[in-house]
Each structure stands twice: as C-alpha cells, then as structure tokens.
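K.L.:
Could you have a look at this structure, given as structure tokens, before my questions?
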Amino acid sequence: MQENNVQEAKNLTQGNVLSTLLKFAVPVLLAMFLQALYGGVDLLVVGQFGTTQDVSGVSTGSMLLHTLTSLIIGLTMGVTVFVGQKIGEGKPDDAGKAIGTGIVLFSILGLLISALTIIFTKQLATLMHAPKEAFVQTCHYIQVCGAGLIFIVFYNLLGAIFRGIGDSKTPLITVAIACVVNIIGDLIFVAVFNLGAFGAALATILAQALSVIISLLIIIKKYVRSRHALLKALTRPFLGFVINPKSKTVKLPFIFHRKYIKLDSYFIRIELKIGTPIALQDFLVGISFLVIQTVVNSLGLIASAGVGVAEKVCGFIMLIPSAISQSLSAFVAQNIGAGLLKRAKLSLKSGIGISLAMACFIGTFSFFRGDILASIFSKDLDVIVSGHMYLKAYAIDTFLTSFMFCFVGYFNGMGKTFFTMIQGLIGGIAIRIPMVFIMKSLPQTNLFLIGLSTPIATFCQIIMCFAYYFVIRKKEKLA
C-alpha cells in the first residue's frame, strides 16, 4: 500500500512538463487571485462606501499586513520544499514528521507575531507615517488584523503542506469560501453599518478564521470518510488517512501520527534552513515597499491613497508570475528529490514562457489604461490619477518579473534559498530603497518616477539570477 501511495504522490515528476506545470499552477493562480480579491475587496468597498481617510487607513494598514503575511509565506515555503523533496525521494515518514513539526512551530510563531502587532499598533502606524487625517483608521485596521494573524498563519501553513504533496486544489476551495465570506462581511460592516477601515479589518479576520475551520472540515471529509477512521488515524501510524482500502477516501502520500506533532530539532533546523532565507528576503523586500508607502505618505493624503490603490491593482497584475513561482518551487522540489534534473530545468523555461506571454497583455493594458483599474478601488478622481501614474512603473515591472519570479521559484525548489535571499536583499534593500529617495529628491518628481525604483531593482536581480543559473550549470557539468 505504501508503494502505491508514494507513486501517486509523484504526479509532478511524470507527464509533459508544460501541461503538468500548467495543471498544477492553474489552481494556485486561482487561489492567489481569490486571495488578492480577498484583500482587494476591503479597499474596493471602503473606496465606494467610505471616506478618503478610510481608504488611506486600509491602504497603509494592509501594506503592513501584506509584509507580515509575506514573512509567514516565506517560512512556510520551508515546509513546502522539504515535504516535496521527501515525497520525491520516497520517504513518506519524514514528510509526516516535517508536517507535525511545522504545526507546532507556526502555532507559536503566529501567537507571537499577533501579540507584538497588537501591542505596538500605534508605533507601527507612526513608523509608517500614516497621515494625521487617517491615523485612527490605520490603527483600527492594524490592530484588528493583528488580532487575527494566527488564522492567517494556519491558512498559509495548510496551503504550504498541500502544495508540497502536489495538491493545489484544496487551498483553492478554502480561499474561495473565505473570499465570499469577506465580500459579504465588507458589505455588511462597511456599506451597511458604516464602520469604515475597522469594519473592513473585521470582515477580513472573520473570513480568515472561517476559512481555517472550513479547511479542516474539507480535509477530514476528503481524506477521512468516518469517525472510526479518524479515531484510528489519531491513535496509530497511518499512511495519509488510508484506513479502509475499500473506501473512496483519497490517499495522502505521507505517514503521520499524533506523536509527530512536536518540536523536533532536526526538522525545525531543516525547515528553518530552507524557509528563513525566503522569509527574510520577502520580509525585507516588503519593508522596502513599506518605505515607498512611508515616503509617499509624506506627500499627502491623495498620494497615500493613490499608491494604496495602485498596490492593490499590482497585487492582481503580478499574480501570474507569482503563481508560477510558487508552483515551480513544489514542481522542482519533487523532481530534484526524484533525481530528474533535466525535467526541473525544462520547467523553468516553461514557467518563463507562460509568464512572459501574459505580461505582454497585462503590462501593456496597465500602462495605458491603468486609470480603469484604479477606478475599481476609488471614486475620487485625484486618487485615480495618482494611482494610474504609479501603476505605469509597475506595468514595466511585469515584463521583468516574468523572469525574476520564475528564477526565484526554481532556486527555492532546489533548496538554494540562501541565494534567493541575497539577490532579494540586494534588489529590495540596497537598490530599491536608495532609488526611492533619489527619485523623490528630483525637482519634478512624481509617483511614476518614485515607482520606477521597483523595475530598476528587478532588472538588477535578473542579472544576478542569470549569473547564478549558469554557475550552477557549470558545476553540474564538472560533477
């Protein structure tokens, strides 16, 4: 029985590379789209039914929340890659132990981050130079979302586990449910009860909490078809949740036991070794975008709201390269674990081709008609104009991220996360932040010039990625 399950788990190591990658990436893309919609709905509803102060508060607060979420996603990538590699190697027991350790580790992390965010809400809002007119709204959004960060942690951990075993559909179902709940909550709290930024944050956290609960229920229903099977699963080792061979229970490719839910030093070390560089890179890159928001906030309420609107739009236009990057991490991890190096390389080329093809349409439309996209999130004409101006710079970046994001996903899947951290830090901290201040200091500065700091940084990162790729290939030929 064990052999059959391990073979089923290697669905990313078989079949045509392009079609297999697309089949896996489409649910990831849809899940990320719904997650972006999940966050974007807050600003959309507030923009239509709230004030400009509420828009600024949600913009600044959600930027901070996005940075913290990026930190969490980066760390959970350690679980995705490690579990994927162990499944590719045919070691389901190690995969189960890695999952058990991850559950405890991220529970502690989620509670810690949540407590710190609540305690230092005002300091965080001040640090981000939240406009005076929107300071209260910013604090409300940060504090409420901070209280629910534990649910965000668990949602992303569940997604990381399932991507690692090659299942990208279950996370799609859960985020779809959360998105619907968030939309309903926003309409009730913001449009009906006029709670502004506070109501938007409340809707977000309630939806996240419900998504985690529903995720667990879906998993139990999908993988455990009876209470008797669940009790057995919790009291003795089992291969996935396969208890009754005659049942229609879906098979999971790892061995699990309740005693695995503990802090195992070996698995903590491996997961953090893989995940920490990614998390540190994502976190510090997020900090660089917080710096941009802070600099723009100093330009006034309209500029603050405009960039906030543009960032929400950017969350959508960057979805395809981001989805391909996450998919490549799981795809490459399983194939590297199975020793299929050529297949892993081919997946990188396929990913770049898909991303670049879509960028031609998305980037061009965003550059010339970004005002249409900005108007979705605000009814204020000045905010729309400011948002479009900033979006033009991001439109250029869509072409560049088609390469950079795919390289990052490929290197992460190989376990080369230290390099991805270094290139991210150089691009995000050493290049992007100085460029923001240089652009702001220009006599005729505007949001487009400030926004150009992002594609300039991405271009430098691409050069580093190409160089490292050829270094790896040269080492492989000499080996």
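Ligands are numbered from 1 in the order shown, chains are lettered A, B, ... in the order of the structure tokens, and residues start at 1 in each chain.
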Write out as a ChimeraX atom specification each polymer residue whose atoms come within 7 Å of segment 450-458 of chain A, counting only C-alpha atoms; drop sequence neighbours fewer than 6 positions from it.
P.N.:
/A:390,393-394,396-397,400-401,427-428,431-432,435-436,439-440
K.L.:
Would you export the selected residues with N, CA, C and O atoms as an mmCIF file, in the first residue's frame, please?
P.N.:
data_model
loop_
_atom_site.group_PDB
_atom_site.id
_atom_site.type_symbol
_atom_site.label_atom_id
_atom_site.label_comp_id
_atom_site.auth_asym_id
_atom_site.auth_seq_id
_atom_site.Cartn_x
_atom_site.Cartn_y
_atom_site.Cartn_z
ATOM 1 N N TYR A 390 1.386 55.865 -10.728
ATOM 2 C CA TYR A 390 2.256 54.901 -10.049
ATOM 3 C C TYR A 390 2.220 53.542 -10.761
ATOM 4 O O TYR A 390 3.230 52.838 -10.864
ATOM 5 N N ALA A 393 4.749 52.511 -13.700
ATOM 6 C CA ALA A 393 6.047 51.930 -13.361
ATOM 7 C C ALA A 393 5.913 50.420 -13.145
ATOM 8 O O ALA A 393 6.770 49.635 -13.579
ATOM 9 N N TYR A 394 4.849 50.004 -12.502
ATOM 10 C CA TYR A 394 4.625 48.578 -12.263
ATOM 11 C C TYR A 394 4.332 47.833 -13.561
ATOM 12 O O TYR A 394 4.629 46.639 -13.694
ATOM 13 N N ILE A 396 5.786 48.282 -16.327
ATOM 14 C CA ILE A 396 7.114 47.931 -16.859
ATOM 15 C C ILE A 396 7.666 46.727 -16.103
ATOM 16 O O ILE A 396 8.274 45.819 -16.689
ATOM 17 N N ASP A 397 7.417 46.698 -14.805
ATOM 18 C CA ASP A 397 7.959 45.631 -13.965
ATOM 19 C C ASP A 397 7.349 44.265 -14.274
ATOM 20 O O ASP A 397 7.972 43.237 -14.017
ATOM 21 N N LEU A 400 9.624 42.245 -16.425
ATOM 22 C CA LEU A 400 10.853 41.819 -15.751
ATOM 23 C C LEU A 400 10.598 40.709 -14.732
ATOM 24 O O LEU A 400 11.390 39.771 -14.615
ATOM 25 N N THR A 401 9.480 40.801 -14.018
ATOM 26 C CA THR A 401 9.189 39.778 -13.015
ATOM 27 C C THR A 401 8.880 38.424 -13.649
ATOM 28 O O THR A 401 8.955 37.395 -12.973
ATOM 29 N N GLY A 427 18.393 43.587 -4.267
ATOM 30 C CA GLY A 427 17.416 44.310 -5.079
ATOM 31 C C GLY A 427 16.467 45.152 -4.249
ATOM 32 O O GLY A 427 16.208 46.313 -4.568
ATOM 33 N N GLY A 428 15.941 44.551 -3.161
ATOM 34 C CA GLY A 428 14.916 45.239 -2.382
ATOM 35 C C GLY A 428 15.446 46.300 -1.445
ATOM 36 O O GLY A 428 14.805 47.339 -1.250
ATOM 37 N N ILE A 431 19.126 48.479 -3.492
ATOM 38 C CA ILE A 431 18.856 49.215 -4.742
ATOM 39 C C ILE A 431 17.522 49.967 -4.676
ATOM 40 O O ILE A 431 17.473 51.180 -4.917
ATOM 41 N N ARG A 432 16.438 49.263 -4.342
ATOM 42 C CA ARG A 432 15.111 49.893 -4.403
ATOM 43 C C ARG A 432 14.979 51.077 -3.443
ATOM 44 O O ARG A 432 14.516 52.158 -3.837
ATOM 45 N N MET A 435 16.934 54.160 -4.447
ATOM 46 C CA MET A 435 16.337 54.734 -5.652
ATOM 47 C C MET A 435 15.061 55.509 -5.323
ATOM 48 O O MET A 435 14.764 56.525 -5.962
ATOM 49 N N VAL A 436 14.304 55.053 -4.327
ATOM 50 C CA VAL A 436 13.084 55.770 -3.919
ATOM 51 C C VAL A 436 13.439 57.183 -3.466
ATOM 52 O O VAL A 436 12.802 58.171 -3.881
ATOM 53 N N MET A 439 14.697 59.341 -6.430
ATOM 54 C CA MET A 439 13.588 59.791 -7.275
ATOM 55 C C MET A 439 12.753 60.864 -6.581
ATOM 56 O O MET A 439 12.291 61.816 -7.223
ATOM 57 N N LYS A 440 12.557 60.709 -5.277
ATOM 58 C CA LYS A 440 11.768 61.701 -4.543
ATOM 59 C C LYS A 440 12.470 63.053 -4.498
ATOM 60 O O LYS A 440 11.828 64.106 -4.458
#
K.L.:
Which residues are near segment 42-54 of chain A? Cut-off 8 Å, only C-alpha atoms, ignore same chain within fewer than 3 positions. Put them as a list of chain:residue names.
P.N.:
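These residues fall inside the cut-off: A:Tyr38, A:Gly39, A:Gly57, A:Val58, A:Ser59, A:Glu133, A:Ala134, A:Gln137, A:Thr138, A:Ile183, A:Asp186, A:Leu187, A:Val190, A:Ala191, A:Asn194, A:Gly196, A:Ala197, A:Ala200, A:Ala201, A:Thr204, A:Leu301, A:Ala305, A:Val309, A:Lys312, A:Ile376, A:Phe377, A:Ser378, A:Lys379, A:Asp380.
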K.L.:
Using only C-alpha atoms, can you tell me which of A:Gly61, A:Gly102, A:Gly286, A:Gly199 comes closest to Leu75 of chain A?
P.N.:
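Looking at the shortest contact to Leu75 of chain A, the residue is A:Gly102.
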K.L.:
Could you find all residues in segment 140-326 of chain A that DSSP calls alpha helix (DSSP H) from the backbone, and write them as JSON, numbers by chain?
P.N.:
{"A": [140, 141, 142, 143, 144, 145, 146, 147, 149, 150, 151, 152, 153, 154, 155, 156, 157, 158, 159, 160, 161, 162, 163, 164, 169, 170, 171, 172, 173, 174, 175, 176, 177, 178, 179, 180, 181, 182, 183, 184, 185, 186, 196, 197, 198, 199, 200, 201, 202, 203, 204, 205, 206, 207, 208, 209, 210, 211, 212, 213, 214, 215, 216, 217, 218, 219, 220, 221, 222, 223, 227, 228, 229, 230, 231, 232, 233, 234, 235, 265, 266, 267, 268, 269, 270, 271, 272, 273, 274, 275, 276, 277, 278, 279, 280, 281, 282, 283, 284, 285, 286, 287, 288, 289, 290, 291, 292, 293, 294, 295, 296, 297, 301, 302, 303, 304, 305, 306, 307, 308, 309, 310, 311, 312, 313, 314, 315, 316, 317, 319, 320, 321, 322, 323, 324, 325, 326]}
K.L.:
Write out the residues from the selection above, keeping C-alpha atoms, as a short mmCIF file (atom, residue, chain, number, x, y, z; two decimals), in the first residue's frame.
P.N.:
data_model
loop_
_atom_site.label_atom_id
_atom_site.label_comp_id
_atom_site.auth_asym_id
_atom_site.auth_seq_id
_atom_site.Cartn_x
_atom_site.Cartn_y
_atom_site.Cartn_z
CA HIS A 140 -8.00 50.25 13.74
CA TYR A 141 -7.08 48.22 10.66
CA ILE A 142 -3.68 47.13 12.04
CA GLN A 143 -4.99 46.19 15.48
CA VAL A 144 -7.96 44.13 14.31
CA CYS A 145 -5.94 42.30 11.63
CA GLY A 146 -3.13 41.74 14.13
CA ALA A 147 -5.57 40.01 16.47
CA LEU A 149 -2.93 36.83 12.42
CA ILE A 150 -2.98 33.32 13.91
CA PHE A 151 -5.66 32.39 11.36
CA ILE A 152 -3.56 33.80 8.51
CA VAL A 153 -0.63 31.68 9.72
CA PHE A 154 -2.67 28.47 9.77
CA TYR A 155 -4.25 29.14 6.39
CA ASN A 156 -0.83 29.58 4.76
CA LEU A 157 0.61 26.54 6.57
CA LEU A 158 -2.20 24.33 5.26
CA GLY A 159 -1.61 25.69 1.75
CA ALA A 160 2.14 25.01 2.01
CA ILE A 161 1.57 21.40 3.07
CA PHE A 162 -0.80 20.64 0.22
CA ARG A 163 1.41 22.28 -2.41
CA GLY A 164 4.27 20.15 -1.10
CA LYS A 169 -6.95 22.27 -5.45
CA THR A 170 -7.78 22.07 -1.73
CA PRO A 171 -6.28 25.54 -0.95
CA LEU A 172 -8.30 26.90 -3.88
CA ILE A 173 -11.56 25.68 -2.36
CA THR A 174 -10.82 27.18 1.05
CA VAL A 175 -9.75 30.60 -0.23
CA ALA A 176 -12.83 30.72 -2.49
CA ILE A 177 -15.06 30.27 0.56
CA ALA A 178 -13.07 32.86 2.52
CA CYS A 179 -13.35 35.35 -0.34
CA VAL A 180 -17.14 35.06 -0.47
CA VAL A 181 -17.39 35.47 3.31
CA ASN A 182 -15.11 38.52 3.21
CA ILE A 183 -17.17 40.19 0.49
CA ILE A 184 -20.37 39.65 2.47
CA GLY A 185 -18.68 40.89 5.66
CA ASP A 186 -17.36 44.04 3.96
CA GLY A 196 -15.01 52.10 7.56
CA ALA A 197 -11.48 50.69 8.00
CA PHE A 198 -12.44 48.96 11.26
CA GLY A 199 -15.28 47.11 9.52
CA ALA A 200 -13.05 46.08 6.61
CA ALA A 201 -10.47 44.61 9.01
CA LEU A 202 -13.18 42.82 10.99
CA ALA A 203 -14.56 41.23 7.82
CA THR A 204 -11.07 40.10 6.80
CA ILE A 205 -10.32 38.35 10.09
CA LEU A 206 -13.71 36.70 10.42
CA ALA A 207 -13.32 35.32 6.89
CA GLN A 208 -9.81 34.03 7.66
CA ALA A 209 -10.99 32.30 10.82
CA LEU A 210 -13.86 30.67 8.98
CA SER A 211 -11.55 29.59 6.13
CA VAL A 212 -9.27 27.72 8.56
CA ILE A 213 -12.23 25.93 10.16
CA ILE A 214 -13.68 25.01 6.77
CA SER A 215 -10.23 23.91 5.55
CA LEU A 216 -10.03 21.38 8.36
CA LEU A 217 -13.57 20.17 7.71
CA ILE A 218 -12.84 19.74 3.98
CA ILE A 219 -9.65 17.84 4.74
CA ILE A 220 -11.47 15.50 7.12
CA LYS A 221 -14.28 14.95 4.64
CA LYS A 222 -11.92 14.49 1.72
CA TYR A 223 -9.40 12.22 3.39
CA ARG A 227 -15.33 8.95 12.68
CA HIS A 228 -13.97 5.45 13.27
CA ALA A 229 -11.26 6.06 10.66
CA LEU A 230 -10.40 9.42 12.20
CA LEU A 231 -10.01 7.88 15.67
CA LYS A 232 -7.69 5.24 14.26
CA ALA A 233 -5.73 7.92 12.41
CA LEU A 234 -5.17 9.81 15.66
CA THR A 235 -4.13 6.77 17.71
CA SER A 265 15.02 19.83 16.50
CA TYR A 266 16.15 18.11 13.29
CA PHE A 267 13.05 19.03 11.30
CA ILE A 268 12.95 22.54 12.77
CA ARG A 269 16.52 23.07 11.63
CA ILE A 270 15.85 21.86 8.08
CA GLU A 271 12.57 23.75 7.67
CA LEU A 272 14.05 26.98 9.00
CA LYS A 273 17.23 26.50 6.94
CA ILE A 274 15.07 26.42 3.79
CA GLY A 275 12.34 28.81 4.84
CA THR A 276 14.20 31.52 6.79
CA PRO A 277 16.18 32.92 3.83
CA ILE A 278 12.96 33.10 1.79
CA ALA A 279 11.08 34.68 4.68
CA LEU A 280 13.86 37.17 5.39
CA GLN A 281 14.02 38.13 1.73
CA ASP A 282 10.24 38.51 1.42
CA PHE A 283 10.04 40.41 4.71
CA LEU A 284 12.82 42.86 3.90
CA VAL A 285 11.53 43.31 0.35
CA GLY A 286 8.17 44.03 1.95
CA ILE A 287 9.92 46.55 4.18
CA SER A 288 11.24 48.25 1.05
CA PHE A 289 7.65 48.65 -0.18
CA LEU A 290 6.66 49.95 3.24
CA VAL A 291 9.40 52.55 2.81
CA ILE A 292 7.84 53.55 -0.51
CA GLN A 293 4.44 53.85 1.19
CA THR A 294 6.02 55.87 4.01
CA VAL A 295 7.75 58.23 1.58
CA VAL A 296 4.53 58.66 -0.40
CA ASN A 297 2.53 59.23 2.80
CA LEU A 301 -3.45 62.11 1.70
CA ILE A 302 -4.16 61.88 -2.05
CA ALA A 303 -0.73 60.42 -2.86
CA SER A 304 -1.08 57.97 0.04
CA ALA A 305 -4.48 56.75 -1.13
CA GLY A 306 -3.32 56.68 -4.78
CA VAL A 307 -0.37 54.40 -4.09
CA GLY A 308 -2.54 52.24 -1.84
CA VAL A 309 -4.99 51.79 -4.71
CA ALA A 310 -2.16 51.08 -7.15
CA GLU A 311 -0.65 48.47 -4.82
CA LYS A 312 -3.96 46.64 -4.72
CA VAL A 313 -4.05 46.60 -8.51
CA CYS A 314 -0.43 45.41 -8.54
CA GLY A 315 -1.46 42.53 -6.33
CA PHE A 316 -3.58 41.33 -9.26
CA ILE A 317 -1.28 42.09 -12.19
CA LEU A 319 -0.49 37.11 -9.88
CA ILE A 320 0.65 35.02 -12.84
CA PRO A 321 4.43 35.23 -12.24
CA SER A 322 3.80 34.78 -8.50
CA ALA A 323 1.67 31.68 -9.08
CA ILE A 324 4.21 30.22 -11.48
CA SER A 325 6.97 30.92 -8.94
CA GLN A 326 5.13 29.07 -6.14
#
K.L.:
Which residue is closest to Leu64 of chain A? Choose from A:Ala359, A:Leu127, A:Ala330, A:Ala25 and count only C-alpha atoms.
P.N.:
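That would be A:Leu127, the residue with the smallest distance to Leu64 of chain A.
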K.L.:
Between atom CA of Asp264 of chain A and atom CA of Phe411 of chain A, what is the spacing in Å?
P.N.:
26.0 Å
K.L.:
I'd like the interatomic distance between atom CA of Ala125 of chain A and atom CA of Gly148 of chain A, to a tenth of an Å.
P.N.:
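Separation of atom CA of Ala125 of chain A and atom CA of Gly148 of chain A: 17.7 Å.
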K.L.:
Which value, in Å to one decimal, gives the distance between atom CA of Asn16 of chain A and atom CA of Thr76 of chain A?
P.N.:
28.0 Å
